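> Before I ask anything, let me first share the structure, which is written out below as structure tokens.
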Amino acid sequence: MSDDAVPPPADPSATAPPAAPADDAPVELKSRPIAGLLAAALPGAGHFYQGRTVKGAIYCVCILGLFLCGQALGGWQTVALESNAPGVPFGSEEFDGPGDNPFRTPFGPPRRQLLQHYTAQVFTGGVAWPALLQSQRFDNADNVPRRRLIEPLDAPFEGVLMADLDDRPVVLATLTGTVNAVPRGDGSRVEGTLDVAAASPTDPRLRTGFEGSPAAVFPPGPPRPVTLTPTTVQAFDRPINGEKGRLLKLLVDPSALSAIALPNGVAADELERPRAIGTVPRPLWNWYLAPRDRRAANRLHAEEGTTMDLAVVFTMIAGLLNVLAFWDAIDGPAYGRTDRRLDNGDSDADAPGSPAPAAA
């Protein structure tokens, strides 16, 4: 054969771009609306519906794990719509208003914050959506603090016993026990018992009511079992609030003060307006994912500190990540240029990795 003979045509398979791996083949998205709804309701559910089990498991475990970790870190009080509604202060005389209102100022209508962390948390799905229902329950006209009982109360109680000494509030004891009270008349008067273990307080600032005052000296000894008799409801926090404890303030009969370990040099008849101020537990459905009034939010952040801020960030990130998972379930994977044949008229020779055309 001569040297100027025409070479045989090249094998087309030798110049074609390599075939995409089977794992990169286009996936069957099935019904996109259904996949989107499932992905929005539960991270990874849309991918399970499409048969993309590995990716669905990754989304489900990582996003829900991050959300639940944030909830647990914040005492399961991280997710909620916030409100500017007033709240009953703890250990203060600020709530001594007239009538059924325990405040000196009238209630203002609650106003939701426009920008808040729930705008990101809501995208986590069904685990965060009940907060919308709790917000409606919280804004109900009947969900306000009152100065009366509507129904009998039998619950654990934890708080302090206070009284006025020379017109100054003084903490006499810490109380742990149970309260059993039955409303009488319009509910402002009650009958029942407050069976508690009364221990001498240890914090001088708590004992004297304000910082810098002289510390009262209590006789040493273990907690004493005491039965106090509540007479009047001074304040009872709103039924629905994003706080596990529901604040309760009761005036008590002073006749039982003699059973309390009083400070040295203080007689029971010198004390005025003895009152038990503490909390009773709220049912789970009345605090979980429920909004918090201003005072409850302040107390929660004061107790948790920066831990609450970190917990909120975790739940917000979980919601934002689920937005990406939702889009992936709707539109499928983001294919590269060589993952499937182009539909815009470009030839395979223009694709990355194709051999350059021979020079003329």
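Letters A, B, ... go to the chains of the structure tokens in the order shown; residues in each chain start at 1; ligands are counted from 1 in the same order.
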Report as JSON, numbers by chain: the residues of stretch 182-331 of chain A with a DSSP assignment of strand (DSSP E), based on the backbone of this structure.

{"A": [182, 183, 184, 189, 190, 191, 192, 193, 194, 195, 196, 197, 198, 199, 224, 225, 226, 227, 228, 230, 231, 232, 233, 234, 235, 236, 245, 246, 247, 248, 249, 250, 251, 252, 272, 273, 274, 275, 276, 277, 278, 279, 280, 281]}

> Which residues are near A:Thr176? Cut-off 7 Å, only C-alpha atoms, ignore same chain within fewer than 3 positions. Put them as an MDAnalysis selection string.

chainID A and resid 157:159 196:198

> Using only C-alpha atoms, find the one residue out of A:Ala329, A:Arg246, A:Leu251, A:Pro283 that sits nearest to A:Tyr49.

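Among A:Ala329, A:Arg246, A:Leu251, A:Pro283, it is A:Ala329 that comes nearest to A:Tyr49.
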
> Grab the atom CA of A:Leu161 to atom CA of A:Gly305 distance for me, in Å with one decimal place.

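Calculated distance between atom CA of A:Leu161 and atom CA of A:Gly305 is 26.9 Å.
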
> Counting only C-alpha atoms, which residue out of A:Leu300, A:Ala181, A:Met162, A:Ile330 sits closest to A:Trp76?

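Once distances to A:Trp76 are computed over only C-alpha atoms, the minimum belongs to A:Leu300.
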
> Quick one: distance from atom CA of A:Val179 to atom CA of A:Arg238 in Å, one decimal?

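Between atom CA of A:Val179 and atom CA of A:Arg238 the gap works out to 17.8 Å.
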